$ cat entry04.txt   # compact mmCIF, C-alpha atoms
# COMPACT_ATOMS: atom_id res chain seq x y z
CA MET A 1 -5.66 -7.76 -31.17
CA SER A 2 -4.82 -4.55 -29.33
CA THR A 3 -7.51 -1.87 -29.04
CA ARG A 4 -6.26 1.70 -28.60
CA LEU A 5 -8.46 4.17 -26.78
CA ALA A 6 -8.86 7.66 -28.19
CA HIS A 7 -10.22 10.52 -26.09
CA SER A 8 -11.26 13.33 -28.42
CA GLN A 9 -12.07 15.62 -25.52
CA ARG A 10 -8.48 15.57 -24.31
CA ASP A 11 -5.92 18.22 -25.13
CA PRO A 12 -3.47 16.74 -27.69
CA ALA A 13 -0.52 17.54 -25.42
CA GLU A 14 -2.17 15.63 -22.58
CA ALA A 15 -2.99 12.69 -24.85
CA ASP A 16 0.72 12.32 -25.66
CA MET A 17 1.65 11.90 -21.98
CA LEU A 18 0.52 8.29 -21.91
CA ARG A 19 -0.72 5.58 -24.23
CA VAL A 20 -3.48 3.07 -23.52
CA ALA A 21 -4.05 -0.29 -25.18
CA VAL A 22 -6.36 -3.17 -24.27
CA ALA A 23 -5.67 -6.74 -25.34
CA ASP A 24 -6.55 -10.15 -23.89
CA GLY A 25 -8.03 -8.74 -20.70
CA VAL A 26 -5.04 -6.49 -19.93
CA ALA A 27 -5.22 -2.69 -20.14
CA THR A 28 -1.67 -1.42 -20.59
CA VAL A 29 -1.04 2.21 -19.68
CA THR A 30 2.37 3.35 -20.87
CA LEU A 31 3.69 6.52 -19.28
CA ALA A 32 5.27 8.51 -22.10
CA ARG A 33 5.95 12.04 -20.91
CA ALA A 34 9.58 12.68 -21.82
CA PRO A 35 12.04 12.74 -20.30
CA VAL A 36 11.10 11.49 -16.81
CA ASN A 37 7.28 11.26 -16.67
CA ALA A 38 7.14 14.28 -14.38
CA ILE A 39 3.80 14.66 -12.61
CA SER A 40 2.05 17.85 -13.66
CA ASP A 41 -1.57 18.99 -13.48
CA ALA A 42 -1.94 18.02 -17.14
CA TRP A 43 -0.44 14.58 -16.44
CA VAL A 44 -3.00 14.00 -13.67
CA ARG A 45 -5.83 15.06 -16.04
CA ALA A 46 -4.49 12.75 -18.75
CA PHE A 47 -4.37 9.81 -16.36
CA ASP A 48 -7.90 10.50 -15.13
CA ALA A 49 -9.11 10.70 -18.73
CA ALA A 50 -7.44 7.38 -19.51
CA LEU A 51 -9.19 5.73 -16.56
CA ASP A 52 -12.50 7.28 -17.70
CA GLY A 53 -12.00 5.72 -21.12
CA LEU A 54 -11.11 2.34 -19.67
CA ALA A 55 -14.21 2.40 -17.45
CA VAL A 56 -16.37 2.87 -20.53
CA ARG A 57 -14.43 0.35 -22.57
CA GLY A 58 -14.59 -2.52 -20.10
CA GLY A 59 -13.38 -5.99 -21.02
CA TRP A 60 -10.21 -5.90 -18.92
CA THR A 61 -9.33 -7.33 -15.53
CA VAL A 62 -5.72 -6.12 -15.17
CA LEU A 63 -4.27 -2.60 -15.36
CA HIS A 64 -0.58 -2.82 -16.27
CA LEU A 65 1.36 0.41 -15.70
CA ARG A 66 4.72 0.78 -17.40
CA SER A 67 6.98 3.47 -18.87
CA ASP A 68 8.68 3.94 -22.22
CA GLN A 69 11.19 6.34 -20.68
CA LYS A 70 14.46 5.49 -18.91
CA VAL A 71 12.69 6.05 -15.60
CA PHE A 72 9.33 4.83 -14.35
CA CYS A 73 8.33 8.20 -12.90
CA ALA A 74 10.62 10.76 -11.28
CA GLY A 75 7.89 12.50 -9.29
CA ALA A 76 6.72 16.11 -9.29
CA ASP A 77 7.16 18.45 -12.25
CA LEU A 78 9.81 20.76 -10.79
CA THR A 79 8.94 23.65 -13.12
CA GLU A 80 5.37 23.67 -11.84
CA VAL A 81 6.51 23.24 -8.24
CA ARG A 82 8.78 26.28 -8.53
CA ALA A 83 5.95 28.36 -10.01
CA ARG A 84 3.62 27.39 -7.18
CA ILE A 85 6.14 28.02 -4.44
CA ASP A 86 7.05 31.43 -5.89
CA ALA A 87 3.39 32.49 -5.91
CA ALA A 88 1.97 34.53 -3.05
CA ASP A 89 -0.47 31.72 -2.29
CA GLY A 90 2.18 29.02 -2.78
CA PRO A 91 1.15 26.74 0.10
CA ASP A 92 -2.47 26.72 -1.07
CA ARG A 93 -1.43 25.95 -4.64
CA MET A 94 0.81 23.11 -3.51
CA TYR A 95 -1.98 21.77 -1.32
CA ALA A 96 -4.34 21.64 -4.32
CA TYR A 97 -1.66 20.02 -6.49
CA VAL A 98 -0.86 17.27 -4.00
CA ALA A 99 -4.57 16.74 -3.26
CA GLY A 100 -5.16 16.13 -6.97
CA ILE A 101 -2.44 13.48 -7.05
CA GLN A 102 -3.85 11.88 -3.91
CA ARG A 103 -7.29 11.64 -5.53
CA LEU A 104 -5.86 10.01 -8.65
CA TYR A 105 -3.85 7.46 -6.69
CA SER A 106 -6.82 6.66 -4.47
CA ARG A 107 -8.87 6.06 -7.61
CA ILE A 108 -6.24 3.61 -8.86
CA GLU A 109 -6.12 1.89 -5.48
CA ARG A 110 -9.92 1.48 -5.41
CA LEU A 111 -10.21 -0.07 -8.87
CA PRO A 112 -11.86 -3.50 -8.75
CA GLN A 113 -9.38 -4.67 -11.36
CA VAL A 114 -5.91 -5.87 -10.38
CA THR A 115 -3.22 -3.23 -10.89
CA ILE A 116 0.43 -3.96 -11.69
CA ALA A 117 3.33 -1.49 -11.73
CA GLU A 118 6.29 -2.45 -13.89
CA ILE A 119 9.20 -0.39 -12.57
CA GLY A 120 12.02 -0.43 -15.09
CA GLY A 121 13.82 2.70 -13.93
CA ALA A 122 13.78 5.24 -11.14
CA ALA A 123 10.55 5.56 -9.17
CA MET A 124 11.06 8.55 -6.93
CA GLY A 125 8.69 10.53 -4.73
CA GLY A 126 5.32 10.68 -6.45
CA GLY A 127 6.51 8.02 -8.89
CA LEU A 128 6.98 5.48 -6.13
CA GLU A 129 3.71 6.63 -4.55
CA LEU A 130 2.01 5.75 -7.85
CA ALA A 131 3.48 2.25 -7.70
CA LEU A 132 2.44 1.90 -4.05
CA ALA A 133 -1.17 2.57 -5.10
CA CYS A 134 -1.02 -0.59 -7.24
CA ASP A 135 -1.72 -4.12 -6.02
CA LEU A 136 1.39 -5.72 -7.48
CA ARG A 137 4.84 -4.27 -8.16
CA ILE A 138 7.67 -5.81 -10.16
CA ALA A 139 10.93 -3.89 -10.46
CA ALA A 140 14.18 -4.15 -12.30
CA VAL A 141 17.01 -5.11 -9.97
CA GLU A 142 18.82 -2.01 -11.26
CA ALA A 143 15.91 0.39 -10.65
CA LYS A 144 16.13 3.06 -7.95
CA LEU A 145 13.18 3.56 -5.60
CA GLY A 146 12.74 6.12 -2.87
CA LEU A 147 10.71 8.74 -1.05
CA PRO A 148 13.40 11.41 -0.54
CA GLU A 149 11.10 14.38 0.16
CA ALA A 150 12.58 14.94 3.63
CA ARG A 151 15.75 16.20 1.93
CA LEU A 152 13.69 19.20 0.79
CA GLY A 153 11.96 19.67 4.10
CA LEU A 154 8.78 18.05 2.74
CA ILE A 155 6.96 14.74 3.11
CA PRO A 156 5.74 12.13 0.61
CA GLY A 157 2.24 13.57 0.81
CA ALA A 158 0.54 11.79 -2.10
CA GLY A 159 -0.13 8.76 0.05
CA GLY A 160 3.45 7.66 0.62
CA THR A 161 3.54 7.81 4.42
CA GLN A 162 0.29 5.86 4.66
CA ARG A 163 0.68 3.21 1.98
CA LEU A 164 4.32 2.40 2.68
CA THR A 165 3.59 2.02 6.41
CA ARG A 166 0.58 -0.23 5.77
CA LEU A 167 2.52 -2.26 3.24
CA CYS A 168 5.87 -2.72 4.96
CA GLY A 169 5.34 -1.65 8.58
CA ARG A 170 6.59 1.33 10.53
CA ALA A 171 10.22 0.23 10.65
CA VAL A 172 10.64 0.11 6.88
CA ALA A 173 8.63 3.31 6.38
CA GLN A 174 10.79 5.07 8.95
CA ARG A 175 13.97 3.80 7.31
CA LEU A 176 13.04 4.98 3.83
CA ILE A 177 11.14 8.18 4.65
CA LEU A 178 13.01 9.51 7.70
CA GLY A 179 16.35 8.48 6.22
CA ALA A 180 15.43 9.68 2.71
CA GLU A 181 17.02 6.44 1.53
CA VAL A 182 17.02 5.36 -2.10
CA VAL A 183 17.27 1.60 -2.66
CA ASP A 184 17.66 -0.64 -5.68
CA GLY A 185 15.04 -3.08 -6.89
CA ALA A 186 16.55 -6.06 -5.09
CA THR A 187 16.59 -4.24 -1.75
CA ALA A 188 13.05 -3.00 -2.37
CA ARG A 189 11.98 -6.62 -2.82
CA ASP A 190 13.75 -7.68 0.37
CA LEU A 191 11.99 -4.88 2.28
CA GLY A 192 8.59 -5.79 0.82
CA VAL A 193 8.20 -2.58 -1.19
CA VAL A 194 7.89 -4.64 -4.38
CA GLN A 195 6.96 -8.30 -4.70
CA TRP A 196 9.44 -9.21 -7.44
CA ALA A 197 12.79 -7.94 -8.72
CA VAL A 198 14.35 -9.26 -11.92
CA PRO A 199 17.13 -8.09 -14.24
CA ARG A 200 16.04 -5.15 -16.38
CA ALA A 201 16.52 -7.17 -19.57
CA GLU A 202 13.93 -9.67 -18.35
CA LEU A 203 11.50 -7.22 -16.74
CA GLY A 204 9.13 -6.69 -19.67
CA ARG A 205 8.66 -10.40 -20.25
CA HIS A 206 8.08 -11.15 -16.58
CA ALA A 207 5.61 -8.27 -16.22
CA ARG A 208 3.63 -9.33 -19.30
CA GLU A 209 3.51 -12.94 -18.12
CA LEU A 210 2.29 -11.81 -14.70
CA ALA A 211 -0.40 -9.60 -16.24
CA GLN A 212 -1.58 -12.39 -18.56
CA ARG A 213 -1.65 -14.94 -15.74
CA VAL A 214 -3.78 -12.71 -13.54
CA ALA A 215 -6.03 -11.68 -16.45
CA ALA A 216 -6.86 -15.36 -17.04
CA LEU A 217 -8.54 -15.53 -13.62
CA PRO A 218 -12.26 -14.71 -13.15
CA ALA A 219 -12.83 -10.97 -12.73
CA GLY A 220 -15.42 -11.48 -10.00
CA ALA A 221 -13.08 -13.52 -7.84
CA LEU A 222 -10.29 -10.97 -8.28
CA ALA A 223 -12.53 -8.03 -7.35
CA ALA A 224 -13.91 -9.85 -4.31
CA SER A 225 -10.42 -10.86 -3.19
CA LYS A 226 -9.24 -7.26 -3.47
CA ALA A 227 -12.15 -6.05 -1.37
CA CYS A 228 -11.52 -8.65 1.33
CA ILE A 229 -7.79 -7.94 1.44
CA ALA A 230 -8.54 -4.24 1.82
CA ALA A 231 -10.95 -5.01 4.66
CA ALA A 232 -8.15 -6.79 6.52
CA GLY A 233 -6.59 -3.40 7.13
CA GLU A 234 -9.71 -1.99 8.75
CA PRO A 235 -10.53 -2.22 12.47
CA GLY A 236 -12.78 -5.02 13.63
CA THR A 237 -13.65 -8.34 12.06
CA GLY A 238 -15.87 -7.17 9.20
CA GLY A 239 -13.55 -8.80 6.68
CA TYR A 240 -14.72 -12.25 7.75
CA SER A 241 -18.32 -11.37 6.99
CA LEU A 242 -17.23 -9.87 3.69
CA GLU A 243 -15.53 -13.16 2.83
CA LEU A 244 -18.73 -15.12 3.52
CA GLU A 245 -20.87 -12.72 1.50
CA ALA A 246 -18.42 -12.83 -1.41
CA THR A 247 -18.28 -16.63 -1.30
CA ARG A 248 -22.08 -16.93 -1.48
CA ARG A 249 -22.27 -14.38 -4.31
CA LEU A 250 -19.51 -16.04 -6.33
CA LEU A 251 -21.09 -19.48 -5.97
CA GLY A 252 -24.06 -18.11 -7.88
CA ASP A 253 -21.82 -16.96 -10.73
CA ALA A 254 -21.91 -19.11 -13.88
CA GLU A 255 -18.15 -18.85 -14.48
CA THR A 256 -17.39 -19.90 -10.91
CA ARG A 257 -19.75 -22.86 -11.13
CA ARG A 258 -18.18 -23.97 -14.41
CA ARG A 259 -14.66 -23.82 -12.95
CA VAL A 260 -15.64 -25.56 -9.70
CA GLU A 261 -17.48 -28.33 -11.52
CA ALA A 262 -14.49 -28.91 -13.82
CA PHE A 263 -12.14 -29.01 -10.83
CA LEU A 264 -14.36 -31.46 -8.91
CA ALA A 265 -14.73 -33.71 -11.93
CA GLY A 266 -10.96 -33.83 -12.39
CA ALA A 267 -10.35 -34.41 -8.69
CA SER A 268 -12.87 -37.26 -8.65
CA ARG A 269 -11.12 -38.98 -11.57
CA GLU A 270 -7.77 -38.58 -9.80
CA GLN A 271 -9.18 -40.11 -6.59
CA ARG A 272 -10.59 -43.08 -8.48
CA ARG A 273 -7.18 -43.74 -10.07
CA SER A 274 -5.34 -43.55 -6.75
$ encode --input "entry04.txt" --output "structure tokens"
Amino acid sequence: MSTRLAHSQRDPAEADMLRVAVADGVATVTLARAPVNAISDAWVRAFDAALDGLAVRGGWTVLHLRSDQKVFCAGADLTEVRARIDAADGPDRMYAYVAGIQRLYSRIERLPQVTIAEIGGAAMGGGLELALACDLRIAAVEAKLGLPEARLGLIPGAGGTQRLTRLCGRAVAQRLILGAEVVDGATARDLGVVQWAVPRAELGRHARELAQRVAALPAGALAASKACIAAAGEPGTGGYSLELEATRRLLGDAETRRRVEAFLAGASREQRRS
């Protein structure tokens, strides 16, 4: 049964920008700010509040981000951007705005739970940067993805230059960012920007199946795997020590021991039959 999370301290307008439901170990966050899920200060606050509520709620191992609009997320709220730029202290206001988005995306990236972005429509600028902050990305073949900020004389400053380069390498990051290129879901998969691309009509089913499959795995193993994968991007060889420490810790976990014992028992029976 789905459990919806209410946040009484939130402004009603902010609460309408996204919906949160938890069921069977999956927390589904549906972006619902019509018409294009534009990123505003209020949207950032609403997302932070949703994550606060999920942290208290617990009982989930997968965060599944999706949209009920035609696009996944079209990036910055242009009305707010214009107001900031027109202000006398425009650069400072834009700095604070982008810094707030960076903090939110870093929070998503650091979650111990596995995060999945289901990209059914356009993911542009800050919208694609949101997806890049997730662990797993599945896109519709027809979706459009890009970081076109250079067209405006700007950069994808909410983590886009860093995460895309780490994920796909300098060549791909240079192609998409310096060329301000927008690609479809299939090309994004081929470039490594997303891990899967399927027809839009099949996207919801595939994304739900992926979320359910991951949610069936032990939370401790997922969190430890995420930490070790993240360590692989750091200088030095500390990730190897982290692997050993995580292995010892997990072997003391009751769920791990139950699963290992069941596997060994089944493997022993198979060996005796062969």
$ residues_near_point --input "entry04.txt" --point "(0.8, -4.4, -20.9)" --cutoff "7 Å" --atoms "all atoms listed in the file" --output "MDAnalysis selection string"
chainID A and resid 26:29 64 208
$ atom_distance --input "entry04.txt" --atom1 "CA of Ala83 in chain A" --atom2 "CA of Gly160 in chain A"
23.4 Å
$ closest_residue --input "entry04.txt" --among "A:Leu128, A:Glu202, A:Leu104, A:Gly159" --to "Leu51 in chain A" --atoms "all atoms listed in the file"
A:Leu104
$ atom_distance --input "entry04.txt" --atom1 "CA of Gly220 in chain A" --atom2 "CA of Pro112 in chain A"
8.8 Å
$ closest_residue --input "entry04.txt" --among "A:Asp92, A:Asp135, A:Glu181, A:Glu245" --to "Gln113 in chain A" --atoms "only C-alpha atoms"
A:Asp135
$ residues_near_point --input "entry04.txt" --point "(11.8, -5.0, -5.0)" --cutoff "9 Å" --atoms "all atoms listed in the file" --output "list in words"
Arg137, Ile138, Ala139, Ala140, Val141, Ala143, Leu145, Val183, Asp184, Gly185, Ala186, Thr187, Ala188, Arg189, Asp190, Leu191, Gly192, Val193, Val194, Gln195, Trp196, Ala197 and Val198 of chain A
$ closest_residue --input "entry04.txt" --among "A:Val62, A:Ile177, A:Leu250, A:Ala133" --to "Glu209 in chain A" --atoms "only C-alpha atoms"
A:Val62
$ residues_around --input "entry04.txt" --residues "Leu18 in chain A" --least-positions-apart "3" --cutoff "8 Å" --atoms "only C-alpha atoms" --output "list in words"
Glu14, Ala15, Val29, Thr30, Leu31, Ala32, Arg33, Ala46 and Phe47 of chain A
$ atom_distance --input "entry04.txt" --atom1 "CA of Ala38 in chain A" --atom2 "CA of Leu164 in chain A"
21.0 Å
$ residues_around --input "entry04.txt" --residues "range 66-79 of chain A" --least-positions-apart "2" --cutoff "7 Å" --atoms "all atoms listed in the file" --output "MDAnalysis selection string"
chainID A and resid 29:32 34:40 64 81:83 117:127
$ closest_residue --input "entry04.txt" --among "A:Leu176, A:Ile116, A:Pro235, A:Met94" --to "His206 in chain A" --atoms "only C-alpha atoms"
A:Ile116
$ build_atoms --input "entry04.txt" --residues "range 58-82 of chain A" --atoms "N, CA, C and O atoms" --output "compact mmCIF listing (two decimals), keeping the file's coordinate frame"
# COMPACT_ATOMS: atom_id res chain seq x y z
N GLY A 58 -14.37 -1.22 -20.71
CA GLY A 58 -14.59 -2.52 -20.10
C GLY A 58 -13.78 -3.62 -20.78
O GLY A 58 -12.93 -3.37 -21.63
N GLY A 59 -14.04 -4.86 -20.38
CA GLY A 59 -13.38 -5.99 -21.02
C GLY A 59 -11.95 -6.22 -20.58
O GLY A 59 -11.18 -6.90 -21.27
N TRP A 60 -11.57 -5.70 -19.42
CA TRP A 60 -10.21 -5.90 -18.92
C TRP A 60 -10.27 -6.17 -17.42
O TRP A 60 -11.13 -5.67 -16.73
N THR A 61 -9.36 -6.98 -16.95
CA THR A 61 -9.33 -7.33 -15.53
C THR A 61 -8.00 -6.95 -14.88
O THR A 61 -7.85 -7.07 -13.67
N VAL A 62 -7.03 -6.51 -15.68
CA VAL A 62 -5.72 -6.12 -15.17
C VAL A 62 -5.33 -4.78 -15.77
O VAL A 62 -5.48 -4.56 -16.98
N LEU A 63 -4.85 -3.87 -14.92
CA LEU A 63 -4.27 -2.60 -15.36
C LEU A 63 -2.77 -2.72 -15.18
O LEU A 63 -2.28 -2.86 -14.06
N HIS A 64 -2.04 -2.64 -16.27
CA HIS A 64 -0.58 -2.82 -16.27
C HIS A 64 0.06 -1.46 -16.56
O HIS A 64 -0.05 -0.94 -17.67
N LEU A 65 0.70 -0.88 -15.55
CA LEU A 65 1.36 0.41 -15.70
C LEU A 65 2.83 0.20 -16.01
O LEU A 65 3.51 -0.57 -15.32
N ARG A 66 3.32 0.89 -17.03
CA ARG A 66 4.72 0.78 -17.40
C ARG A 66 5.18 2.13 -17.97
O ARG A 66 4.37 3.05 -18.08
N SER A 67 6.43 2.23 -18.32
CA SER A 67 6.98 3.47 -18.87
C SER A 67 7.80 3.16 -20.10
O SER A 67 8.45 2.11 -20.17
N ASP A 68 7.79 4.09 -21.07
CA ASP A 68 8.68 3.94 -22.22
C ASP A 68 9.88 4.87 -22.11
O ASP A 68 10.65 5.04 -23.06
N GLN A 69 10.04 5.49 -20.94
CA GLN A 69 11.19 6.34 -20.68
C GLN A 69 12.25 5.56 -19.88
O GLN A 69 12.00 4.44 -19.46
N LYS A 70 13.41 6.17 -19.68
CA LYS A 70 14.46 5.49 -18.91
C LYS A 70 14.06 5.31 -17.46
O LYS A 70 14.59 4.44 -16.78
N VAL A 71 13.16 6.16 -16.97
CA VAL A 71 12.69 6.05 -15.60
C VAL A 71 11.22 5.62 -15.61
O VAL A 71 10.55 5.74 -16.64
N PHE A 72 10.76 5.11 -14.47
CA PHE A 72 9.33 4.83 -14.35
C PHE A 72 8.57 6.13 -14.17
O PHE A 72 7.71 6.48 -14.98
N CYS A 73 8.91 6.87 -13.13
CA CYS A 73 8.33 8.20 -12.90
C CYS A 73 9.18 8.87 -11.83
O CYS A 73 9.38 8.32 -10.76
N ALA A 74 9.69 10.07 -12.17
CA ALA A 74 10.62 10.76 -11.28
C ALA A 74 9.93 11.68 -10.29
O ALA A 74 10.60 12.39 -9.53
N GLY A 75 8.60 11.69 -10.27
CA GLY A 75 7.89 12.50 -9.29
C GLY A 75 7.43 13.83 -9.83
O GLY A 75 7.14 13.97 -11.03
N ALA A 76 7.34 14.83 -8.96
CA ALA A 76 6.72 16.11 -9.29
C ALA A 76 7.43 16.83 -10.42
O ALA A 76 8.65 16.74 -10.57
N ASP A 77 6.64 17.55 -11.21
CA ASP A 77 7.16 18.45 -12.25
C ASP A 77 7.79 19.65 -11.54
O ASP A 77 7.09 20.50 -10.98
N LEU A 78 9.11 19.75 -11.57
CA LEU A 78 9.81 20.76 -10.79
C LEU A 78 9.54 22.18 -11.29
O LEU A 78 9.54 23.13 -10.50
N THR A 79 9.27 22.32 -12.58
CA THR A 79 8.94 23.65 -13.12
C THR A 79 7.64 24.15 -12.51
O THR A 79 7.53 25.31 -12.08
N GLU A 80 6.64 23.27 -12.44
CA GLU A 80 5.37 23.67 -11.84
C GLU A 80 5.51 23.89 -10.34
O GLU A 80 4.90 24.79 -9.77
N VAL A 81 6.30 23.06 -9.68
CA VAL A 81 6.51 23.24 -8.24
C VAL A 81 7.13 24.60 -7.96
O VAL A 81 6.69 25.32 -7.04
N ARG A 82 8.14 24.97 -8.73
CA ARG A 82 8.78 26.28 -8.53
C ARG A 82 7.77 27.41 -8.71
O ARG A 82 7.73 28.36 -7.93
